[in-house]
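Student: Input data.txt, format and content: compact mmCIF, C-alpha atoms.
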# COMPACT_ATOMS: atom_id res chain seq x y z
CA MET L 1 -54.10 20.16 -38.48
CA THR L 2 -52.50 18.03 -35.79
CA THR L 3 -54.94 15.84 -33.89
CA PRO L 4 -54.41 14.02 -30.57
CA THR L 5 -54.52 10.76 -32.49
CA SER L 6 -51.66 11.80 -34.78
CA VAL L 7 -49.60 13.02 -31.79
CA ARG L 8 -50.00 9.69 -30.06
CA LYS L 9 -49.10 7.89 -33.29
CA ARG L 10 -45.89 9.93 -33.68
CA ALA L 11 -44.98 9.25 -30.07
CA ALA L 12 -45.50 5.55 -30.60
CA ASP L 13 -43.40 5.55 -33.78
CA ALA L 14 -40.51 7.56 -32.20
CA PRO L 15 -37.45 5.49 -31.25
CA ALA L 16 -37.25 4.59 -27.60
CA PRO L 17 -34.44 6.24 -25.63
CA ALA L 18 -31.37 4.08 -25.23
CA PRO L 19 -31.41 2.31 -21.87
CA ALA L 20 -28.65 3.10 -19.40
CA PRO L 21 -25.89 0.51 -19.25
CA ALA L 22 -26.88 -2.29 -16.94
CA GLY L 23 -25.28 -2.06 -13.55
CA ARG L 24 -23.74 1.38 -14.03
CA ARG L 25 -26.21 3.33 -11.91
CA PRO L 26 -26.29 0.83 -8.99
CA GLU L 27 -22.48 0.70 -9.06
CA ARG L 28 -22.21 4.49 -9.01
CA GLY L 29 -24.73 4.70 -6.17
CA ALA L 30 -22.83 2.10 -4.15
CA ARG L 31 -19.60 4.01 -4.69
CA LEU L 32 -21.17 7.27 -3.52
CA ARG L 33 -22.57 5.52 -0.44
CA ARG L 34 -19.12 4.15 0.42
CA VAL L 35 -17.52 7.58 0.04
CA GLY L 36 -20.24 9.18 2.14
CA LEU L 37 -19.91 6.55 4.86
CA ARG L 38 -16.15 7.03 5.01
CA LEU L 39 -16.52 10.81 5.25
CA VAL L 40 -19.01 10.42 8.07
CA ALA L 41 -16.66 8.03 9.88
CA LEU L 42 -13.77 10.48 9.44
CA ALA L 43 -15.85 13.36 10.78
CA ALA L 44 -16.92 11.26 13.77
CA LEU L 45 -13.29 10.35 14.49
CA LEU L 46 -12.21 14.00 14.37
CA ALA L 47 -15.13 14.97 16.63
CA LEU L 48 -14.16 12.26 19.14
CA TRP L 49 -10.54 13.43 19.03
CA GLN L 50 -11.58 17.02 19.72
CA LEU L 51 -13.91 15.86 22.51
CA VAL L 52 -11.02 14.10 24.24
CA ILE L 53 -9.06 17.37 24.13
CA VAL L 54 -11.98 19.48 25.38
CA LEU L 55 -12.70 17.13 28.29
CA GLN L 56 -8.94 17.01 29.08
CA LEU L 57 -8.98 13.22 29.43
CA TRP L 58 -5.27 13.10 28.56
CA SER L 59 -2.44 15.56 28.74
CA PRO L 60 -1.79 17.53 25.51
CA VAL L 61 1.76 16.22 25.65
CA LEU L 62 0.38 12.69 25.22
CA VAL L 63 -2.54 13.45 22.89
CA PRO L 64 -2.08 16.68 20.90
CA SER L 65 -5.11 18.56 19.67
CA PRO L 66 -6.06 18.66 15.97
CA ALA L 67 -5.10 22.33 15.97
CA ALA L 68 -1.60 21.48 17.29
CA VAL L 69 -1.12 18.87 14.57
CA TRP L 70 -2.26 21.41 11.98
CA ARG L 71 0.28 23.94 13.28
CA ALA L 72 2.99 21.24 13.08
CA LEU L 73 1.98 20.66 9.46
CA LEU L 74 2.36 24.34 8.65
CA GLU L 75 5.69 24.60 10.46
CA THR L 76 7.21 21.53 8.81
CA SER L 77 5.95 22.47 5.33
CA GLY L 78 7.80 25.76 4.99
CA THR L 79 10.29 28.14 6.61
CA HIS L 80 9.41 29.72 9.95
CA ASP L 81 11.69 31.97 12.02
CA GLY L 82 14.59 31.09 9.77
CA VAL L 83 14.11 27.33 10.26
CA ARG L 84 13.23 25.32 7.18
CA GLY L 85 10.84 22.47 7.84
CA TYR L 86 12.08 19.91 10.36
CA GLN L 87 15.84 19.47 10.67
CA GLY L 88 16.36 21.41 7.44
CA HIS L 89 13.88 19.44 5.30
CA THR L 90 10.17 19.97 4.70
CA LEU L 91 7.59 17.30 5.46
CA ILE L 92 7.11 16.45 1.80
CA GLU L 93 10.87 16.01 1.42
CA HIS L 94 11.03 13.66 4.41
CA LEU L 95 8.13 11.68 2.98
CA GLY L 96 9.61 11.61 -0.52
CA ILE L 97 12.92 10.21 0.71
CA SER L 98 11.12 7.47 2.66
CA LEU L 99 8.96 6.64 -0.36
CA ARG L 100 12.08 6.35 -2.51
CA ARG L 101 13.55 3.90 0.00
CA ILE L 102 10.30 1.93 0.06
CA PHE L 103 9.99 1.69 -3.72
CA ILE L 104 13.62 0.66 -4.18
CA GLY L 105 13.77 -1.77 -1.26
CA ALA L 106 10.26 -3.21 -1.54
CA GLY L 107 10.55 -3.29 -5.33
CA ALA L 108 13.66 -5.44 -5.09
CA GLY L 109 11.89 -7.67 -2.55
CA VAL L 110 8.87 -8.05 -4.86
CA VAL L 111 11.08 -9.07 -7.80
CA ALA L 112 12.95 -11.58 -5.64
CA GLY L 113 9.66 -12.90 -4.25
CA LEU L 114 8.27 -13.40 -7.75
CA VAL L 115 11.33 -15.39 -8.84
CA VAL L 116 11.38 -17.50 -5.67
CA GLY L 117 7.60 -18.03 -5.80
CA VAL L 118 7.61 -19.19 -9.43
CA LEU L 119 10.45 -21.61 -8.72
CA MET L 120 8.70 -22.94 -5.62
CA GLY L 121 5.41 -23.32 -7.48
CA THR L 122 6.82 -25.08 -10.53
CA LEU L 123 9.67 -27.18 -9.10
CA PRO L 124 8.70 -29.34 -6.10
CA TRP L 125 12.29 -29.86 -4.95
CA VAL L 126 12.86 -26.09 -4.87
CA ARG L 127 9.74 -25.71 -2.71
CA VAL L 128 11.04 -28.35 -0.29
CA VAL L 129 14.37 -26.53 0.00
CA LEU L 130 13.22 -22.89 0.14
CA GLU L 131 9.85 -23.02 1.89
CA PRO L 132 11.31 -23.27 5.45
CA ALA L 133 13.65 -20.34 4.78
CA VAL L 134 10.82 -18.18 3.40
CA ALA L 135 8.60 -19.05 6.37
CA PHE L 136 11.47 -18.27 8.74
CA LEU L 137 11.99 -14.82 7.23
CA ARG L 138 8.24 -14.14 7.24
CA THR L 139 8.03 -14.65 11.00
CA LEU L 140 10.99 -12.42 11.87
CA PRO L 141 10.20 -8.84 12.96
CA PRO L 142 12.30 -6.27 11.08
CA LEU L 143 14.12 -5.01 14.17
CA ALA L 144 15.30 -8.55 14.88
CA TYR L 145 17.76 -8.51 11.96
CA PHE L 146 18.24 -4.78 11.42
CA SER L 147 21.16 -4.67 13.88
CA LEU L 148 22.88 -7.43 11.94
CA LEU L 149 22.35 -5.53 8.68
CA ILE L 150 23.96 -2.45 10.24
CA ILE L 151 27.00 -4.54 11.23
CA TRP L 152 27.27 -5.87 7.69
CA PHE L 153 26.50 -2.73 5.64
CA GLY L 154 27.09 0.25 7.95
CA ILE L 155 24.62 3.02 8.80
CA ASP L 156 24.01 4.51 5.36
CA GLU L 157 21.28 3.55 2.86
CA ALA L 158 22.23 -0.10 2.31
CA PRO L 159 20.87 -1.60 5.57
CA LYS L 160 17.58 0.29 5.17
CA LEU L 161 17.06 -0.98 1.63
CA TRP L 162 18.04 -4.52 2.62
CA LEU L 163 15.60 -4.47 5.54
CA LEU L 164 12.71 -3.35 3.34
CA ALA L 165 13.58 -5.91 0.68
CA ILE L 166 13.76 -8.76 3.18
CA ALA L 167 10.45 -7.68 4.73
CA ALA L 168 8.71 -7.48 1.34
CA MET L 169 9.99 -10.72 -0.22
CA PRO L 170 8.20 -13.48 1.81
CA PRO L 171 4.54 -12.46 1.22
CA VAL L 172 5.11 -12.22 -2.53
CA ALA L 173 6.94 -15.55 -2.60
CA VAL L 174 4.23 -17.33 -0.61
CA ALA L 175 1.36 -15.85 -2.67
CA THR L 176 3.11 -16.57 -5.97
CA ALA L 177 4.04 -20.15 -5.05
CA SER L 178 0.50 -20.94 -3.91
CA ALA L 179 -1.09 -19.38 -7.00
CA VAL L 180 1.34 -21.03 -9.44
CA ALA L 181 0.93 -24.45 -7.83
CA SER L 182 -2.87 -24.20 -8.11
CA ALA L 183 -2.93 -23.21 -11.79
CA PRO L 184 -5.72 -24.99 -13.76
CA THR L 185 -4.44 -28.43 -14.65
CA ALA L 186 -6.60 -28.65 -17.78
CA LEU L 187 -5.07 -25.49 -19.24
CA VAL L 188 -1.55 -26.62 -18.43
CA GLU L 189 -2.10 -30.03 -20.05
CA ALA L 190 -3.73 -28.41 -23.09
CA ALA L 191 -0.72 -26.14 -23.55
CA ARG L 192 1.65 -29.09 -23.30
CA ALA L 193 -0.47 -31.08 -25.75
CA ILE L 194 0.02 -28.47 -28.47
CA GLY L 195 3.79 -28.54 -27.95
CA ALA L 196 4.42 -25.68 -25.53
CA ARG L 197 7.68 -25.87 -23.61
CA ARG L 198 7.92 -25.47 -19.82
CA GLY L 199 8.86 -21.80 -20.06
CA GLN L 200 6.01 -21.10 -22.47
CA VAL L 201 3.53 -22.87 -20.19
CA VAL L 202 4.67 -20.79 -17.24
CA THR L 203 4.57 -17.43 -19.06
CA SER L 204 1.43 -18.03 -21.15
CA VAL L 205 -0.77 -20.12 -18.83
CA VAL L 206 0.46 -20.33 -15.25
CA LEU L 207 1.38 -16.70 -14.57
CA PRO L 208 -1.77 -15.16 -16.13
CA SER L 209 -3.97 -17.47 -14.07
CA ALA L 210 -1.95 -16.69 -10.93
CA LEU L 211 -1.85 -12.93 -11.52
CA PRO L 212 -4.68 -11.91 -9.13
CA GLU L 213 -3.13 -13.75 -6.17
CA ILE L 214 0.32 -12.41 -7.07
CA LEU L 215 -1.00 -8.84 -7.03
CA VAL L 216 -2.54 -9.45 -3.60
CA GLY L 217 0.89 -10.56 -2.40
CA VAL L 218 2.44 -7.40 -3.87
CA ARG L 219 -0.06 -5.25 -1.98
CA LEU L 220 0.76 -7.09 1.24
CA ALA L 221 4.48 -6.69 0.58
CA PHE L 222 4.26 -2.92 0.17
CA GLY L 223 2.10 -2.70 3.28
CA ILE L 224 4.66 -4.62 5.31
CA ALA L 225 7.52 -2.54 3.88
CA TYR L 226 5.66 0.64 4.73
CA SER L 227 5.09 -0.51 8.30
CA SER L 228 8.82 -1.30 8.52
CA VAL L 229 10.04 2.10 7.34
CA VAL L 230 10.16 3.51 10.88
CA ALA L 231 12.31 0.56 11.94
CA ALA L 232 14.51 1.05 8.86
CA GLU L 233 15.05 4.70 9.74
CA THR L 234 15.80 4.30 13.44
CA VAL L 235 19.51 4.70 12.63
CA ASN L 236 20.65 7.68 10.57
CA GLY L 237 17.09 8.06 9.29
CA LEU L 238 17.05 11.83 8.78
CA PRO L 239 15.91 12.95 6.32
CA GLY L 240 13.02 10.50 6.23
CA ILE L 241 9.54 10.31 7.67
CA GLY L 242 10.48 7.48 10.03
CA GLY L 243 13.53 9.41 11.18
CA LEU L 244 11.34 12.48 11.72
CA ILE L 245 9.01 10.47 13.97
CA ARG L 246 11.88 8.97 15.95
CA ASP L 247 13.61 12.33 16.40
CA ALA L 248 10.40 14.11 17.44
CA GLN L 249 9.68 11.32 19.93
CA ARG L 250 12.99 12.00 21.70
CA TYR L 251 11.87 15.58 22.42
CA ASN L 252 8.24 14.71 23.31
CA GLN L 253 6.93 16.54 20.23
CA SER L 254 3.78 14.47 20.06
CA ASP L 255 2.15 16.80 17.52
CA THR L 256 4.98 16.17 15.05
CA VAL L 257 4.86 12.43 15.79
CA VAL L 258 1.14 12.32 15.04
CA LEU L 259 1.71 14.38 11.90
CA GLY L 260 4.32 11.87 10.72
CA LEU L 261 1.93 9.00 11.40
CA PHE L 262 -0.76 10.72 9.35
CA ALA L 263 1.73 11.28 6.53
CA ILE L 264 2.64 7.59 6.51
CA GLY L 265 -0.98 6.46 6.74
CA ILE L 266 -2.37 8.74 4.03
CA SER L 267 0.45 8.05 1.58
CA GLY L 268 0.12 4.34 2.34
CA LEU L 269 -3.58 4.49 1.49
CA LEU L 270 -2.77 6.21 -1.80
CA ILE L 271 -0.17 3.58 -2.68
CA ASP L 272 -2.60 0.77 -1.85
CA ALA L 273 -5.31 2.45 -3.92
CA GLY L 274 -2.90 2.69 -6.84
CA LEU L 275 -2.01 -1.00 -6.53
CA ARG L 276 -5.73 -1.84 -6.37
CA VAL L 277 -6.37 0.09 -9.59
CA LEU L 278 -3.42 -1.70 -11.20
CA SER L 279 -4.89 -5.02 -10.07
CA ASP L 280 -8.26 -4.12 -11.60
CA ARG L 281 -6.57 -3.20 -14.87
CA LEU L 282 -4.35 -6.27 -15.12
CA ALA L 283 -6.87 -8.76 -13.72
CA PRO L 284 -10.35 -7.28 -14.35
CA TRP L 285 -12.05 -10.66 -13.90
CA ARG L 286 -11.13 -10.71 -10.22
CA ARG L 287 -13.10 -7.54 -9.58
CA HIS L 288 -16.35 -9.32 -10.39
CA ALA L 289 -15.48 -12.61 -8.71
Show me the file's structure as structure tokens.
Tutor:
Amino acid sequence: MTTPTSVRKRAADAPAPAPAPAGRRPERGARLRRVGLRLVALAALLALWQLVIVLQLWSPVLVPSPAAVWRALLETSGTHDGVRGYQGHTLIEHLGISLRRIFIGAGAGVVAGLVVGVLMGTLPWVRVVLEPAVAFLRTLPPLAYFSLLIIWFGIDEAPKLWLLAIAAMPPVAVATASAVASAPTALVEAARAIGARRGQVVTSVVLPSALPEILVGVRLAFGIAYSSVVAAETVNGLPGIGGLIRDAQRYNQSDTVVLGLFAIGISGLLIDAGLRVLSDRLAPWRRHA
């Protein structure tokens, strides 16, 4: 016969449930709170937008309604009245072509920035020679040299890719040079003491320690390239999301312009989120710094 005493004894002898991993629940709760706060902010922004339309504070030509932007999305995403998308291409096709230009142009700029940054960070005389040129390029707005690129390379793809590459290179070069130059001296000297050559020190010690700052520079570079895509597609930019915005602006199609801005902004957020995940994977220690 089971007695209360024996039940209590069995309960005391039973193994305790495994505790939840430390920090997992608070981290999950904080993530849910961030998502909820962002959704609330988005809903408030949409409500404010609709309120402006209802109160007729601006003309619909200047500020289209959310419903008008939604209709523009439907019209540019398929075929309506025999017209396919916008200027013969759907919205996703315009966006895909611009993204291809960004990844090719900005990717080339990132690679060039990494090379220039490593050289500037490891060789003082290279930094003295190249730093003014990098700073000069960093301060130039893209439209300032786009006309010159058109003269040099014509109006096809080449000037667009060159513009995006030039815009993306300086932030990566500056971030890489600063991070490489500030690599831990003790680790560098320890590597040299065990016989590591200059190249081995750079690849095994300097670059891993500089990786978080380099990835921040890469994120900045893609952001700058994305903000420059409209400038890159001002000439012969169709198909392309920047060309779509410029062409719709000529005909006062503000709903299509706003739709293009949303397409750029949302895809830019997704690219930045992907780069942030990559940064967390390659440099997990920075996430907890």
Student: Have a look at CA of Ala173 (chain L) and CA of Arg101 (chain L) and let me know their distance in Å, one decimal.
Tutor: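 A separation of 20.7 Å between them.
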Student: Counting all atoms listed in the file, what is within 10 Å of Ala191 (chain L), bar same-chain residues fewer than 3 positions away, as a ChimeraX atom specification?
Tutor: /L:185-188,194-198,200-202,204-205
Student: Considering all atoms listed in the file, state which residue in the set L:Val128, L:Val174, L:Val258, L:Leu119 is at the smallest distance from Leu73 (chain L).
Tutor: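 Among the listed residues, L:Val258 lies closest to Leu73 (chain L).
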Student: If I take CA of Pro159 (chain L) and CA of Glu233 (chain L), how far is one from the other in Å, to one decimal?
Tutor: 9.5 Å
Student: For Phe262 (chain L), which residue out of L:Pro66, L:Gly217, L:Pro132, L:Pro26 is the nearest one, using all atoms listed in the file?
Tutor: L:Pro66
Student: Could you give me the centre and size, in Å to one decimal, of an axis-aligned box around all listed atoms of region 213-220 of chain L with 4 Å added on every side, as lines of an AutoDock Vina configuration file?
Tutor:
center_x = -0.3
center_y = -9.5
center_z = -2.9
size_x = 13.6
size_y = 16.5
size_z = 16.3
Student: List the neighbours of Leu164 (chain L) out to 12 Å using only C-alpha atoms; skip same-chain residues closer than 5 positions along the sequence, and give me the result as a compact mmCIF listing (two decimals) with C-alpha atoms, in the coordinates of the input.
Tutor:
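Final output, part.txt:
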# COMPACT_ATOMS: atom_id res chain seq x y z
CA SER L 98 11.12 7.47 2.66
CA LEU L 99 8.96 6.64 -0.36
CA ARG L 100 12.08 6.35 -2.51
CA ARG L 101 13.55 3.90 0.00
CA ILE L 102 10.30 1.93 0.06
CA PHE L 103 9.99 1.69 -3.72
CA ILE L 104 13.62 0.66 -4.18
CA GLY L 105 13.77 -1.77 -1.26
CA ALA L 106 10.26 -3.21 -1.54
CA GLY L 107 10.55 -3.29 -5.33
CA ALA L 108 13.66 -5.44 -5.09
CA GLY L 109 11.89 -7.67 -2.55
CA VAL L 110 8.87 -8.05 -4.86
CA PRO L 141 10.20 -8.84 12.96
CA PRO L 142 12.30 -6.27 11.08
CA LEU L 143 14.12 -5.01 14.17
CA TYR L 145 17.76 -8.51 11.96
CA PHE L 146 18.24 -4.78 11.42
CA LEU L 149 22.35 -5.53 8.68
CA GLU L 157 21.28 3.55 2.86
CA ALA L 158 22.23 -0.10 2.31
CA PRO L 159 20.87 -1.60 5.57
CA MET L 169 9.99 -10.72 -0.22
CA PRO L 170 8.20 -13.48 1.81
CA ALA L 221 4.48 -6.69 0.58
CA PHE L 222 4.26 -2.92 0.17
CA GLY L 223 2.10 -2.70 3.28
CA ILE L 224 4.66 -4.62 5.31
CA ALA L 225 7.52 -2.54 3.88
CA TYR L 226 5.66 0.64 4.73
CA SER L 227 5.09 -0.51 8.30
CA SER L 228 8.82 -1.30 8.52
CA VAL L 229 10.04 2.10 7.34
CA VAL L 230 10.16 3.51 10.88
CA ALA L 231 12.31 0.56 11.94
CA ALA L 232 14.51 1.05 8.86
CA GLU L 233 15.05 4.70 9.74
Student: May I ask which of the residues L:Val235, L:Ala190, L:Val180, L:Leu215 is the closest one to Lys160 (chain L), counting all atoms listed in the file?
Tutor: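 Ranking L:Val235, L:Ala190, L:Val180, L:Leu215 by distance to Lys160 (chain L), first place goes to L:Val235.
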Student: Between L:Arg219, L:Arg127, L:Arg192, L:Arg138, single out the one closest to Leu269 (chain L), counting all atoms listed in the file.
Tutor: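 Ranked by minimum distance to Leu269 (chain L), first place goes to L:Arg219.
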Student: What's the separation between CA of Ala165 (chain L) and CA of Thr90 (chain L), in Å to one decimal place?
Tutor: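 So the answer is 26.4 Å.
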Student: Name all residues at most 9 Å from region 273-287 of chain L (count all atoms listed in the file; drop same-chain ones fewer than 3 positions away) and give them as a PDB file with C-alpha atoms, in the coordinates of the input.
Tutor:
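Written out: selection05.pdb:
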ATOM      1  CA  PRO L 208      -1.770 -15.160 -16.130  1.00  0.00           C
ATOM      2  CA  LEU L 211      -1.850 -12.930 -11.520  1.00  0.00           C
ATOM      3  CA  PRO L 212      -4.680 -11.910  -9.130  1.00  0.00           C
ATOM      4  CA  LEU L 215      -1.000  -8.840  -7.030  1.00  0.00           C
ATOM      5  CA  VAL L 216      -2.540  -9.450  -3.600  1.00  0.00           C
ATOM      6  CA  VAL L 218       2.440  -7.400  -3.870  1.00  0.00           C
ATOM      7  CA  ARG L 219      -0.060  -5.250  -1.980  1.00  0.00           C
ATOM      8  CA  GLY L 268       0.120   4.340   2.340  1.00  0.00           C
ATOM      9  CA  LEU L 269      -3.580   4.490   1.490  1.00  0.00           C
ATOM     10  CA  LEU L 270      -2.770   6.210  -1.800  1.00  0.00           C
TER      11      LEU L 270
END
Student: Taking all atoms listed in the file into account, which of L:Gly117, L:Asp156, L:Glu93, L:Gly29 comes nearest Glu213 (chain L)?
Tutor: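 Distance minimum relative to Glu213 (chain L) lands on L:Gly117.
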Student: Find, counting only C-alpha atoms, the residue in L:Ala179, L:Ile241, L:Leu45, L:Ala263 that gets nearest to Met120 (chain L).
Tutor: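 Among the listed residues, the smallest separation from Met120 (chain L) belongs to L:Ala179.
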